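Shown next: data-v6.json, containing JSON, C-alpha atoms.
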[["chain", "number", "residue", "atom", "x", "y", "z"],
["A", 679, "MET", "CA", -1.27, 15.26, -40.46],
["A", 680, "ALA", "CA", -0.18, 13.40, -37.40],
["A", 681, "ALA", "CA", -2.00, 10.25, -38.45],
["A", 682, "THR", "CA", 0.07, 9.96, -41.62],
["A", 683, "THR", "CA", 3.41, 10.84, -40.05],
["A", 684, "ALA", "CA", 3.10, 8.73, -36.93],
["A", 685, "PRO", "CA", 1.50, 5.29, -37.30],
["A", 686, "GLN", "CA", -1.24, 4.72, -34.73],
["A", 687, "LEU", "CA", -1.16, 1.84, -32.30],
["A", 688, "ALA", "CA", -4.21, -0.38, -32.54],
["A", 689, "PRO", "CA", -6.66, 0.19, -29.66],
["A", 690, "CYS", "CA", -7.76, -2.83, -27.64],
["A", 691, "MET", "CA", -11.43, -3.72, -28.26],
["A", 692, "PRO", "CA", -12.86, -5.62, -25.28],
["A", 693, "ASP", "CA", -14.83, -8.78, -26.04],
["A", 694, "VAL", "CA", -17.78, -8.41, -23.64],
["A", 695, "PRO", "CA", -19.09, -12.04, -23.42],
["A", 696, "ALA", "CA", -15.54, -13.37, -23.00],
["A", 697, "GLU", "CA", -14.91, -10.72, -20.35],
["A", 698, "ASN", "CA", -18.07, -11.75, -18.45],
["A", 699, "ALA", "CA", -17.11, -15.42, -18.59],
["A", 700, "ALA", "CA", -13.61, -14.60, -17.37],
["A", 701, "ARG", "CA", -15.06, -12.56, -14.51],
["A", 702, "ALA", "CA", -17.41, -15.42, -13.52],
["A", 703, "ASN", "CA", -14.50, -17.85, -13.59],
["A", 704, "GLU", "CA", -12.42, -15.45, -11.52],
["A", 705, "ARG", "CA", -15.22, -15.12, -8.97],
["A", 706, "THR", "CA", -15.40, -18.92, -8.64],
["A", 707, "LEU", "CA", -11.65, -19.02, -8.07],
["A", 708, "VAL", "CA", -11.80, -16.23, -5.48],
["A", 709, "LEU", "CA", -14.57, -18.02, -3.55],
["A", 710, "ALA", "CA", -12.62, -21.29, -3.62],
["A", 711, "ALA", "CA", -9.44, -19.50, -2.49],
["A", 712, "GLN", "CA", -11.40, -17.88, 0.34],
["A", 713, "ARG", "CA", -12.48, -21.36, 1.41],
["A", 714, "GLY", "CA", -8.79, -22.28, 1.65],
["A", 715, "SER", "CA", -7.94, -23.75, -1.77],
["A", 716, "ASN", "CA", -4.30, -23.02, -2.58],
["A", 717, "ASP", "CA", -4.84, -24.40, -6.09],
["A", 718, "ALA", "CA", -7.51, -21.76, -6.71],
["A", 719, "PHE", "CA", -5.17, -19.05, -5.47],
["A", 720, "ALA", "CA", -2.42, -20.40, -7.76],
["A", 721, "SER", "CA", -4.85, -20.03, -10.68],
["A", 722, "LEU", "CA", -5.47, -16.42, -9.64],
["A", 723, "VAL", "CA", -1.70, -15.86, -9.57],
["A", 724, "ARG", "CA", -1.44, -17.33, -13.08],
["A", 725, "LEU", "CA", -4.27, -15.08, -14.30],
["A", 726, "HIS", "CA", -2.88, -11.87, -12.88],
["A", 727, "GLU", "CA", 0.89, -12.13, -12.49],
["A", 728, "ARG", "CA", 1.72, -10.52, -15.87],
["A", 729, "ARG", "CA", -0.54, -7.51, -15.32],
["A", 730, "ALA", "CA", 0.63, -7.26, -11.72],
["A", 731, "TYR", "CA", 4.23, -7.25, -12.94],
["A", 732, "ALA", "CA", 3.39, -4.49, -15.45],
["A", 733, "VAL", "CA", 1.92, -2.36, -12.66],
["A", 734, "ALA", "CA", 4.93, -2.93, -10.42],
["A", 735, "ARG", "CA", 7.40, -2.35, -13.26],
["A", 736, "ALA", "CA", 5.80, 1.01, -14.08],
["A", 737, "ILE", "CA", 6.42, 2.16, -10.52],
["A", 738, "THR", "CA", 9.77, 0.59, -9.60],
["A", 739, "ALA", "CA", 13.12, 1.42, -11.14],
["A", 740, "THR", "CA", 14.24, -2.11, -11.93],
["A", 741, "HIS", "CA", 12.94, -5.50, -12.99],
["A", 742, "GLU", "CA", 14.16, -7.05, -9.72],
["A", 743, "ASP", "CA", 12.23, -4.54, -7.61],
["A", 744, "ALA", "CA", 9.12, -5.15, -9.73],
["A", 745, "GLU", "CA", 9.44, -8.89, -9.15],
["A", 746, "ASP", "CA", 9.77, -8.34, -5.38],
["A", 747, "ALA", "CA", 6.72, -6.07, -5.42],
["A", 748, "VAL", "CA", 4.67, -8.70, -7.27],
["A", 749, "GLN", "CA", 5.59, -11.37, -4.71],
["A", 750, "GLU", "CA", 4.89, -9.03, -1.79],
["A", 751, "GLY", "CA", 1.61, -7.97, -3.37],
["A", 752, "PHE", "CA", 0.33, -11.51, -3.84],
["A", 753, "LEU", "CA", 1.37, -12.42, -0.30],
["A", 754, "HIS", "CA", -0.50, -9.42, 1.14],
["A", 755, "ALA", "CA", -3.53, -10.24, -1.03],
["A", 756, "TYR", "CA", -3.50, -13.84, 0.22],
["A", 757, "ARG", "CA", -3.39, -12.69, 3.85],
["A", 758, "ALA", "CA", -6.23, -10.21, 3.26],
["A", 759, "LEU", "CA", -8.33, -12.54, 1.10],
["A", 760, "ALA", "CA", -10.96, -13.06, 3.80],
["A", 761, "ARG", "CA", -11.68, -9.32, 3.73],
["A", 762, "PHE", "CA", -12.13, -9.20, -0.07],
["A", 763, "ARG", "CA", -15.75, -8.97, -1.25],
["A", 764, "PRO", "CA", -16.18, -11.33, -4.25],
["A", 765, "GLU", "CA", -18.58, -8.95, -6.02],
["A", 766, "GLN", "CA", -15.62, -6.53, -6.49],
["A", 767, "ALA", "CA", -13.13, -6.86, -9.36],
["A", 768, "PHE", "CA", -10.29, -8.98, -7.99],
["A", 769, "GLY", "CA", -7.78, -7.53, -10.48],
["A", 770, "ALA", "CA", -8.39, -3.91, -9.45],
["A", 771, "TRP", "CA", -8.07, -4.87, -5.77],
["A", 772, "LEU", "CA", -4.88, -6.88, -6.38],
["A", 773, "TYR", "CA", -3.22, -4.19, -8.53],
["A", 774, "ARG", "CA", -3.81, -1.63, -5.79],
["A", 775, "ILE", "CA", -2.02, -3.91, -3.35],
["A", 776, "VAL", "CA", 0.84, -4.55, -5.81],
["A", 777, "ALA", "CA", 1.14, -0.81, -6.56],
["A", 778, "ASN", "CA", 1.34, -0.15, -2.84],
["A", 779, "ALA", "CA", 4.05, -2.79, -2.44],
["A", 780, "ALA", "CA", 5.97, -1.23, -5.35],
["A", 781, "LEU", "CA", 5.69, 2.27, -3.87],
["A", 782, "ASP", "CA", 6.88, 0.91, -0.54],
["A", 783, "ILE", "CA", 9.92, -0.73, -2.15],
["A", 784, "GLY", "CA", 10.64, 2.54, -3.97],
["A", 785, "ARG", "CA", 10.47, 4.49, -0.68],
["A", 786, "ARG", "CA", 12.80, 2.03, 1.05],
["A", 787, "ARG", "CA", 15.24, 2.17, -1.86],
["A", 788, "LYS", "CA", 15.16, 5.98, -1.84],
["A", 789, "VAL", "CA", 16.11, 6.00, 1.84],
["A", 790, "ARG", "CA", 18.91, 3.50, 1.17],
["A", 791, "ASP", "CA", 20.28, 5.06, -2.01],
["A", 792, "THR", "CA", 20.00, 8.79, -1.29],
["A", 793, "ASP", "CA", 23.69, 9.31, -2.07],
["A", 794, "THR", "CA", 23.67, 7.49, -5.38],
["A", 795, "LEU", "CA", 20.73, 8.84, -7.36],
["A", 796, "PRO", "CA", 21.07, 7.91, -11.03],
["A", 797, "ASP", "CA", 20.93, 10.65, -13.68],
["A", 798, "THR", "CA", 19.21, 8.30, -16.10],
["A", 799, "VAL", "CA", 16.66, 5.49, -15.86],
["A", 800, "ALA", "CA", 18.20, 2.09, -16.48],
["A", 801, "LEU", "CA", 16.66, 0.66, -19.62],
["A", 802, "PRO", "CA", 16.92, -3.10, -19.98],
["A", 803, "PHE", "CA", 18.36, -3.40, -23.48],
["A", 804, "ARG", "CA", 17.77, -6.95, -24.54],
["A", 805, "ASP", "CA", 19.11, -6.46, -28.05],
["A", 806, "PRO", "CA", 22.28, -4.34, -28.34],
["A", 807, "ALA", "CA", 21.20, -3.31, -31.85],
["A", 808, "GLU", "CA", 18.18, -1.55, -30.33],
["A", 809, "SER", "CA", 20.20, 0.72, -28.05],
["A", 810, "ASP", "CA", 19.92, 3.71, -30.33],
["A", 811, "GLU", "CA", 19.85, 7.40, -29.61],
["A", 812, "LEU", "CA", 16.09, 7.42, -29.00],
["A", 813, "ARG", "CA", 16.39, 4.84, -26.21],
["A", 814, "ARG", "CA", 19.27, 6.70, -24.59],
["A", 815, "ARG", "CA", 17.46, 10.01, -24.72],
["A", 816, "LEU", "CA", 14.24, 8.40, -23.54],
["A", 817, "GLY", "CA", 16.11, 7.07, -20.51],
["A", 818, "GLU", "CA", 17.33, 10.58, -19.71],
["A", 819, "GLY", "CA", 13.87, 12.01, -20.29],
["A", 820, "LEU", "CA", 12.27, 9.43, -17.98],
["A", 821, "ALA", "CA", 14.87, 10.12, -15.29],
["A", 822, "ALA", "CA", 13.93, 13.81, -15.39],
["A", 823, "LEU", "CA", 10.30, 12.96, -14.56],
["A", 824, "THR", "CA", 9.08, 12.52, -11.01],
["A", 825, "GLU", "CA", 8.53, 8.94, -9.93],
["A", 826, "ARG", "CA", 4.76, 9.47, -9.97],
["A", 827, "GLN", "CA", 4.72, 11.10, -13.43],
["A", 828, "ARG", "CA", 6.77, 8.21, -14.81],
["A", 829, "ALA", "CA", 4.42, 5.65, -13.26],
["A", 830, "VAL", "CA", 1.33, 7.43, -14.62],
["A", 831, "LEU", "CA", 2.86, 7.69, -18.11],
["A", 832, "VAL", "CA", 3.79, 4.01, -18.27],
["A", 833, "LEU", "CA", 0.55, 2.79, -16.71],
["A", 834, "HIS", "CA", -1.51, 4.85, -19.15],
["A", 835, "ASP", "CA", 0.42, 4.83, -22.42],
["A", 836, "VAL", "CA", 2.11, 1.45, -22.14],
["A", 837, "GLU", "CA", -0.29, -0.64, -20.07],
["A", 838, "GLY", "CA", -3.55, 1.02, -21.11],
["A", 839, "PHE", "CA", -4.99, 1.72, -17.65],
["A", 840, "THR", "CA", -7.54, 4.54, -17.43],
["A", 841, "HIS", "CA", -6.94, 7.71, -15.41],
["A", 842, "GLY", "CA", -9.47, 6.49, -12.83],
["A", 843, "GLU", "CA", -7.75, 3.11, -12.44],
["A", 844, "ILE", "CA", -4.35, 4.79, -12.11],
["A", 845, "GLY", "CA", -5.75, 7.20, -9.53],
["A", 846, "GLN", "CA", -7.08, 4.27, -7.49],
["A", 847, "MET", "CA", -3.82, 2.33, -7.74],
["A", 848, "LEU", "CA", -1.58, 5.23, -6.77],
["A", 849, "GLY", "CA", -3.99, 6.70, -4.23],
["A", 850, "MET", "CA", -4.67, 10.04, -5.90],
["A", 851, "PRO", "CA", -7.60, 11.78, -7.62],
["A", 852, "GLU", "CA", -8.28, 11.00, -11.28],
["A", 853, "GLY", "CA", -7.62, 14.66, -12.17],
["A", 854, "THR", "CA", -4.12, 14.44, -10.69],
["A", 855, "ALA", "CA", -3.38, 11.37, -12.81],
["A", 856, "ARG", "CA", -4.62, 13.25, -15.87],
["A", 857, "SER", "CA", -2.46, 16.27, -15.09],
["A", 858, "ASP", "CA", 0.62, 14.10, -14.31],
["A", 859, "LEU", "CA", 0.22, 12.37, -17.66],
["A", 860, "HIS", "CA", -0.01, 15.71, -19.46],
["A", 861, "HIS", "CA", 3.15, 17.02, -17.76],
["A", 862, "ALA", "CA", 5.05, 13.76, -18.31],
["A", 863, "ARG", "CA", 4.26, 13.73, -22.01],
["A", 864, "ALA", "CA", 5.20, 17.39, -22.39],
["A", 865, "ALA", "CA", 8.50, 16.85, -20.55],
["A", 866, "LEU", "CA", 9.39, 13.84, -22.71],
["A", 867, "ARG", "CA", 8.48, 15.77, -25.85],
["A", 868, "ARG", "CA", 10.80, 18.59, -24.77],
["A", 869, "ALA", "CA", 13.59, 16.12, -23.94],
["A", 870, "LEU", "CA", 13.32, 14.54, -27.39],
["A", 871, "SER", "CA", 12.46, 17.63, -29.43],
["A", 872, "ASP", "CA", 15.90, 18.16, -31.01],
["A", 873, "LEU", "CA", 16.07, 14.48, -31.82],
["A", 874, "TRP", "CA", 12.85, 14.80, -33.83],
["A", 875, "SER", "CA", 14.06, 17.92, -35.62],
["A", 876, "GLU", "CA", 17.27, 16.10, -36.65],
["A", 877, "ARG", "CA", 15.27, 13.33, -38.37],
["B", 336, "MET", "CA", 9.38, 17.66, -37.99],
["B", 337, "SER", "CA", 8.14, 19.51, -34.89],
["B", 338, "PRO", "CA", 7.43, 17.43, -31.79],
["B", 339, "GLU", "CA", 3.78, 18.63, -31.78],
["B", 340, "SER", "CA", 3.17, 17.29, -35.29],
["B", 341, "ARG", "CA", 4.03, 13.78, -34.09],
["B", 342, "ILE", "CA", 1.26, 13.63, -31.51],
["B", 343, "GLY", "CA", -1.68, 11.38, -32.37],
["B", 344, "PRO", "CA", -5.35, 12.14, -31.62],
["B", 345, "ASN", "CA", -5.12, 10.43, -28.23],
["B", 346, "GLY", "CA", -2.39, 12.83, -27.13],
["B", 347, "ARG", "CA", 0.54, 10.44, -27.17],
["B", 348, "ASP", "CA", 3.55, 10.17, -29.41],
["B", 349, "ASP", "CA", 3.34, 6.71, -30.92],
["B", 350, "ASP", "CA", 7.08, 6.41, -31.60],
["B", 351, "VAL", "CA", 7.84, 7.17, -27.97],
["B", 352, "THR", "CA", 5.08, 4.83, -26.83],
["B", 353, "ARG", "CA", 6.44, 2.05, -29.01],
["B", 354, "VAL", "CA", 9.92, 2.40, -27.48],
["B", 355, "LEU", "CA", 8.42, 2.63, -23.99],
["B", 356, "ARG", "CA", 6.51, -0.60, -24.64],
["B", 357, "GLN", "CA", 9.75, -2.31, -25.65],
["B", 358, "VAL", "CA", 11.54, -0.93, -22.63],
["B", 359, "TYR", "CA", 8.84, -1.91, -20.14],
["B", 360, "ALA", "CA", 7.89, -5.18, -21.84],
["B", 361, "ALA", "CA", 7.36, -8.04, -19.44],
["B", 362, "PRO", "CA", 9.55, -11.12, -19.95],
["B", 363, "ALA", "CA", 8.16, -13.16, -22.83],
["B", 364, "ASP", "CA", 9.50, -16.56, -21.79],
["B", 365, "PRO", "CA", 6.62, -18.69, -20.36],
["B", 366, "SER", "CA", 9.07, -20.51, -18.07],
["B", 367, "TYR", "CA", 9.79, -17.18, -16.34],
["B", 368, "TRP", "CA", 6.11, -16.87, -15.38],
["B", 369, "GLU", "CA", 5.90, -20.47, -14.25],
["B", 370, "SER", "CA", 8.91, -19.91, -12.04],
["B", 371, "LEU", "CA", 7.49, -16.64, -10.64],
["B", 372, "GLU", "CA", 4.18, -18.38, -9.87],
["B", 373, "ALA", "CA", 6.09, -21.20, -8.15],
["B", 374, "ARG", "CA", 8.05, -18.70, -6.03],
["B", 375, "ILE", "CA", 4.88, -16.81, -5.06],
["B", 376, "MET", "CA", 3.08, -20.02, -4.10],
["B", 377, "ALA", "CA", 6.13, -21.25, -2.15],
["B", 378, "ARG", "CA", 6.07, -18.04, -0.10],
["B", 379, "ILE", "CA", 2.33, -18.40, 0.43],
["B", 380, "ARG", "CA", 2.64, -22.03, 1.52],
["B", 381, "GLY", "CA", 5.50, -21.06, 3.83],
["B", 382, "ASP", "CA", 3.32, -18.29, 5.23],
["B", 383, "SER", "CA", 0.31, -20.54, 5.76],
["B", 384, "ASP", "CA", 2.49, -23.25, 7.39],
["B", 385, "GLY", "CA", 3.78, -20.78, 9.98],
["B", 386, "TRP", "CA", 3.47, -21.63, 13.67],
["B", 387, "TRP", "CA", 1.06, -18.72, 14.15],
["B", 388, "MET", "CA", -1.49, -19.99, 11.61],
["B", 389, "PRO", "CA", -3.38, -22.30, 14.03],
["B", 390, "LEU", "CA", -3.75, -19.25, 16.24],
["B", 391, "SER", "CA", -5.04, -17.01, 13.46],
["B", 392, "GLY", "CA", -8.53, -18.54, 13.69],
["B", 393, "TRP", "CA", -8.64, -17.51, 17.34],
["B", 394, "GLY", "CA", -8.19, -13.87, 16.41],
["B", 395, "PRO", "CA", -11.84, -12.77, 16.87],
["B", 396, "VAL", "CA", -12.19, -14.86, 20.06],
["B", 397, "GLY", "CA", -9.01, -13.27, 21.39],
["B", 398, "LEU", "CA", -10.31, -9.80, 20.63],
["B", 399, "ILE", "CA", -13.59, -10.47, 22.47],
["B", 400, "ALA", "CA", -11.69, -11.96, 25.43],
["B", 401, "ALA", "CA", -9.35, -8.95, 25.53],
["B", 402, "GLY", "CA", -12.37, -6.62, 25.45],
["B", 403, "LEU", "CA", -14.07, -8.48, 28.32],
["B", 404, "ALA", "CA", -10.83, -8.47, 30.31],
["B", 405, "LEU", "CA", -10.60, -4.71, 29.85],
["B", 406, "VAL", "CA", -14.18, -4.22, 31.07],
["B", 407, "VAL", "CA", -13.57, -6.45, 34.13],
["B", 408, "ALA", "CA", -10.30, -4.64, 34.90],
["B", 409, "GLY", "CA", -12.07, -1.29, 34.57],
["B", 410, "LEU", "CA", -14.91, -2.34, 36.90],
["B", 411, "THR", "CA", -12.46, -3.76, 39.45],
["B", 412, "PHE", "CA", -10.40, -0.56, 39.38],
["B", 413, "THR", "CA", -13.51, 1.63, 39.82],
["B", 414, "HIS", "CA", -14.76, -0.57, 42.67],
["B", 415, "ALA", "CA", -11.35, -0.48, 44.39],
["B", 416, "ARG", "CA", -11.21, 3.29, 44.13],
["B", 417, "GLU", "CA", -14.72, 3.64, 45.56],
["B", 418, "GLU", "CA", -13.79, 1.32, 48.46],
["B", 419, "GLU", "CA", -10.62, 3.32, 49.10],
["B", 420, "ALA", "CA", -12.55, 6.59, 49.10],
["B", 421, "ARG", "CA", -15.19, 5.11, 51.43],
["B", 422, "LEU", "CA", -12.51, 3.98, 53.89],
["B", 423, "ALA", "CA", -10.79, 7.37, 53.76],
["B", 424, "TYR", "CA", -14.08, 9.14, 54.53],
["B", 425, "GLU", "CA", -14.81, 6.68, 57.31],
["B", 426, "MET", "CA", -11.42, 7.40, 58.90],
["B", 427, "VAL", "CA", -12.15, 11.13, 58.83],
["B", 428, "ILE", "CA", -15.76, 10.91, 59.96],
["B", 429, "GLU", "CA", -15.34, 8.13, 62.51],
["B", 430, "THR", "CA", -15.16, 9.35, 66.15],
["B", 431, "PRO", "CA", -11.61, 8.95, 67.46],
["B", 432, "ARG", "CA", -11.32, 6.34, 70.15],
["B", 433, "SER", "CA", -9.07, 8.51, 72.38],
["B", 434, "LEU", "CA", -9.97, 12.20, 72.45],
["B", 435, "PRO", "CA", -7.02, 14.61, 72.59],
["B", 436, "GLN", "CA", -6.53, 16.18, 75.94],
["B", 437, "GLN", "CA", -7.17, 19.62, 74.46],
["B", 438, "VAL", "CA", -10.73, 18.64, 73.50],
["B", 439, "ALA", "CA", -11.24, 16.81, 76.75],
["B", 440, "ALA", "CA", -10.12, 19.91, 78.69],
["B", 441, "ALA", "CA", -12.50, 22.12, 76.70],
["B", 442, "ARG", "CA", -15.39, 19.84, 77.59],
["B", 443, "GLU", "CA", -14.65, 20.30, 81.29],
["B", 444, "GLY", "CA", -15.66, 23.98, 80.93],
["B", 445, "THR", "CA", -12.15, 25.47, 81.23],
["B", 446, "PRO", "CA", -11.32, 28.48, 78.99],
["B", 447, "ALA", "CA", -9.70, 27.68, 75.68],
["B", 448, "ARG", "CA", -6.35, 29.36, 76.56],
["B", 449, "GLU", "CA", -6.06, 27.36, 79.76],
["B", 450, "ALA", "CA", -6.99, 24.17, 78.00],
["B", 451, "THR", "CA", -4.19, 24.82, 75.47],
["B", 452, "LEU", "CA", -1.69, 25.36, 78.27],
["B", 453, "HIS", "CA", -2.78, 22.12, 79.89],
["B", 454, "PHE", "CA", -2.33, 20.36, 76.58],
["B", 455, "VAL", "CA", 1.16, 21.82, 75.99],
["B", 456, "ILE", "CA", 2.57, 21.15, 79.39],
["B", 457, "ALA", "CA", 0.90, 17.77, 79.82],
["B", 458, "PRO", "CA", 3.47, 14.91, 79.96]]
Take the structure I supplied and represent it as structure tokens, if you would.
Amino acid sequence: MAATTAPQLAPCMPDVPAENAARANERTLVLAAQRGSNDAFASLVRLHERRAYAVARAITATHEDAEDAVQEGFLHAYRALARFRPEQAFGAWLYRIVANAALDIGRRRKVRDTDTLPDTVALPFRDPAESDELRRRLGEGLAALTERQRAVLVLHDVEGFTHGEIGQMLGMPEGTARSDLHHARAALRRALSDLWSER
Amino acid sequence: MSPESRIGPNGRDDDVTRVLRQVYAAPADPSYWESLEARIMARIRGDSDGWWMPLSGWGPVGLIAAGLALVVAGLTFTHAREEEARLAYEMVIETPRSLPQQVAAAREGTPAREATLHFVIAP
């Protein structure tokens, strides 16, 4: 039984009234920011910077690129704020912009670094004791995925975005996100299969 | 253990997901986020203090003015072309002030061949 061999991660249960209150608060901030309040925009930055970073980090290769993408994304959002309709979800709109900034940075980096493509994805090991075989092999497995498959896998399995949200962010149909996720998982499973059989 | 047996009901391998979450974890230090927010807001303030910002409000007015200028330029161009064509036609249609000798000779009732000769040998 998979459930007994692999412990399940707890699913996030949304708190609906709290979510509605947060959305109302966000709408107030958006309207104030549209009227020119920089303080209101700073509050929006505070509300969304972590999630925006997660989106950017899933797409870019490094922490530094993700940070650049977040800054670029917020700057673009600020410039386009007058065109944003407050009845929309600000987060979804912002994450699309951040994802676009991250993809753009990735494209620029690809053009710059065509001669020095890495054969593994750099994993930021914070604790040397954690740098075990699984992490090393995972890095190799991630490097073997396409950029888009890697982004879809991380956005879905790590950040909990739905296929539809990922499709919107990366500018592709929901079915493509679903299929990318399936292929990414299968490729990682293959890359790690002998590691599992050794355990 | 086979890789397939590790997959949970939602289709993901929880061990892999757990490592991925560690790998892609956002910085936990609150001061990092304060500093990122400060950098973002500094860029935004720098952007909104730019010399072009007072002009940004004039964007729609500028677009309308550019549109009107295009219409005026188009009308002027069309009018100029019509005037040019009218003048060209007038030059063709208008009776010449001095008739060529060949035509003048033909009017006098002389045969065409003789009129041509007169025209050619005329000083």
9 Å contact set for stretch 726-733 of chain A, only C-alpha atoms, chain neighbours under 6 positions out, as a PyMOL selection string: (chain A and resi 741+744-745+747-748+751-752+769+772-774+776-777+780+829+832-833+837+847) or (chain B and resi 359-362+368+371-372)
Find the residues with any atom within 12 Å of (5.8, 16.3, -15.4); use all atoms listed in the file and the coordinates as given in the file, and write the answer as a PDB file with C-alpha atoms, keeping the file's coordinate frame.
ATOM      1  CA  GLY A 819      13.870  12.010 -20.290  1.00  0.00           C
ATOM      2  CA  LEU A 820      12.270   9.430 -17.980  1.00  0.00           C
ATOM      3  CA  ALA A 821      14.870  10.120 -15.290  1.00  0.00           C
ATOM      4  CA  ALA A 822      13.930  13.810 -15.390  1.00  0.00           C
ATOM      5  CA  LEU A 823      10.300  12.960 -14.560  1.00  0.00           C
ATOM      6  CA  THR A 824       9.080  12.520 -11.010  1.00  0.00           C
ATOM      7  CA  GLU A 825       8.530   8.940  -9.930  1.00  0.00           C
ATOM      8  CA  ARG A 826       4.760   9.470  -9.970  1.00  0.00           C
ATOM      9  CA  GLN A 827       4.720  11.100 -13.430  1.00  0.00           C
ATOM     10  CA  ARG A 828       6.770   8.210 -14.810  1.00  0.00           C
ATOM     11  CA  ALA A 829       4.420   5.650 -13.260  1.00  0.00           C
ATOM     12  CA  VAL A 830       1.330   7.430 -14.620  1.00  0.00           C
ATOM     13  CA  LEU A 831       2.860   7.690 -18.110  1.00  0.00           C
ATOM     14  CA  THR A 854      -4.120  14.440 -10.690  1.00  0.00           C
ATOM     15  CA  ALA A 855      -3.380  11.370 -12.810  1.00  0.00           C
ATOM     16  CA  ARG A 856      -4.620  13.250 -15.870  1.00  0.00           C
ATOM     17  CA  SER A 857      -2.460  16.270 -15.090  1.00  0.00           C
ATOM     18  CA  ASP A 858       0.620  14.100 -14.310  1.00  0.00           C
ATOM     19  CA  LEU A 859       0.220  12.370 -17.660  1.00  0.00           C
ATOM     20  CA  HIS A 860      -0.010  15.710 -19.460  1.00  0.00           C
ATOM     21  CA  HIS A 861       3.150  17.020 -17.760  1.00  0.00           C
ATOM     22  CA  ALA A 862       5.050  13.760 -18.310  1.00  0.00           C
ATOM     23  CA  ARG A 863       4.260  13.730 -22.010  1.00  0.00           C
ATOM     24  CA  ALA A 864       5.200  17.390 -22.390  1.00  0.00           C
ATOM     25  CA  ALA A 865       8.500  16.850 -20.550  1.00  0.00           C
ATOM     26  CA  LEU A 866       9.390  13.840 -22.710  1.00  0.00           C
ATOM     27  CA  ARG A 867       8.480  15.770 -25.850  1.00  0.00           C
ATOM     28  CA  ARG A 868      10.800  18.590 -24.770  1.00  0.00           C
ATOM     29  CA  ALA A 869      13.590  16.120 -23.940  1.00  0.00           C
TER      30      ALA A 869
END
Point-to-point distance in Å for atom CA of A:Leu870 and atom CA of A:Glu742: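 Result for atom CA of A:Glu742 versus atom CA of A:Leu870: 27.9 Å, one decimal.
With only C-alpha atoms as the atoms that count, the residue of A:Arg705, A:Met850, A:Val789, A:Gly838 with the shortest distance to A:Arg763 is A:Arg705.
With distances taken over all atoms listed in the file, A:Leu753 is the one residue among A:Asp717, A:Leu753, A:Asp810, A:Ala700 lying closest to chain B.
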For chain B, the nearest of the candidates A:Lys788, A:Glu704, A:Ala767, A:Glu811, counting all atoms listed in the file: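 The answer is A:Glu811, which sits nearest to chain B.
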Atom CA of A:Leu709 to atom CA of A:Glu765, straight-line distance in Å: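 One can read the atom CA of A:Glu765 to atom CA of A:Leu709 distance as 10.2 Å.
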Selected residue of minimal separation from chain B among A:Thr738, A:Asn778, A:Gln749, A:Gln766, counting only C-alpha atoms: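 For chain B, the nearest of the candidates is A:Gln749.
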Å distance separating atom CA of B:Val351 from atom CA of A:Glu818, one decimal place: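 Between atom CA of B:Val351 and atom CA of A:Glu818 the gap is 13.0 Å.
Checking A:Val694, A:Val708, A:Ala755, A:Ile844 one by one against chain B, counting all atoms listed in the file, you find the shortest gap at A:Ala755.
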Distance criterion (all atoms listed in the file): nearest to chain A out of B:Ala420, B:Ala408, B:Ala450, B:Ile375: B:Ile375
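For A:Gly714, the set of protein, DNA and RNA residues having any atom at most 12 Å away, when counting all atoms listed in the file and skipping those fewer than 3 positions along the same chain, is Leu707, Val708, Leu709, Ala710, Ala711, Asp717, Ala718, Phe719, Ala720, Tyr756, Arg757, Leu759 and Ala760 of chain A; Ile379, Arg380 and Ser383 of chain B.
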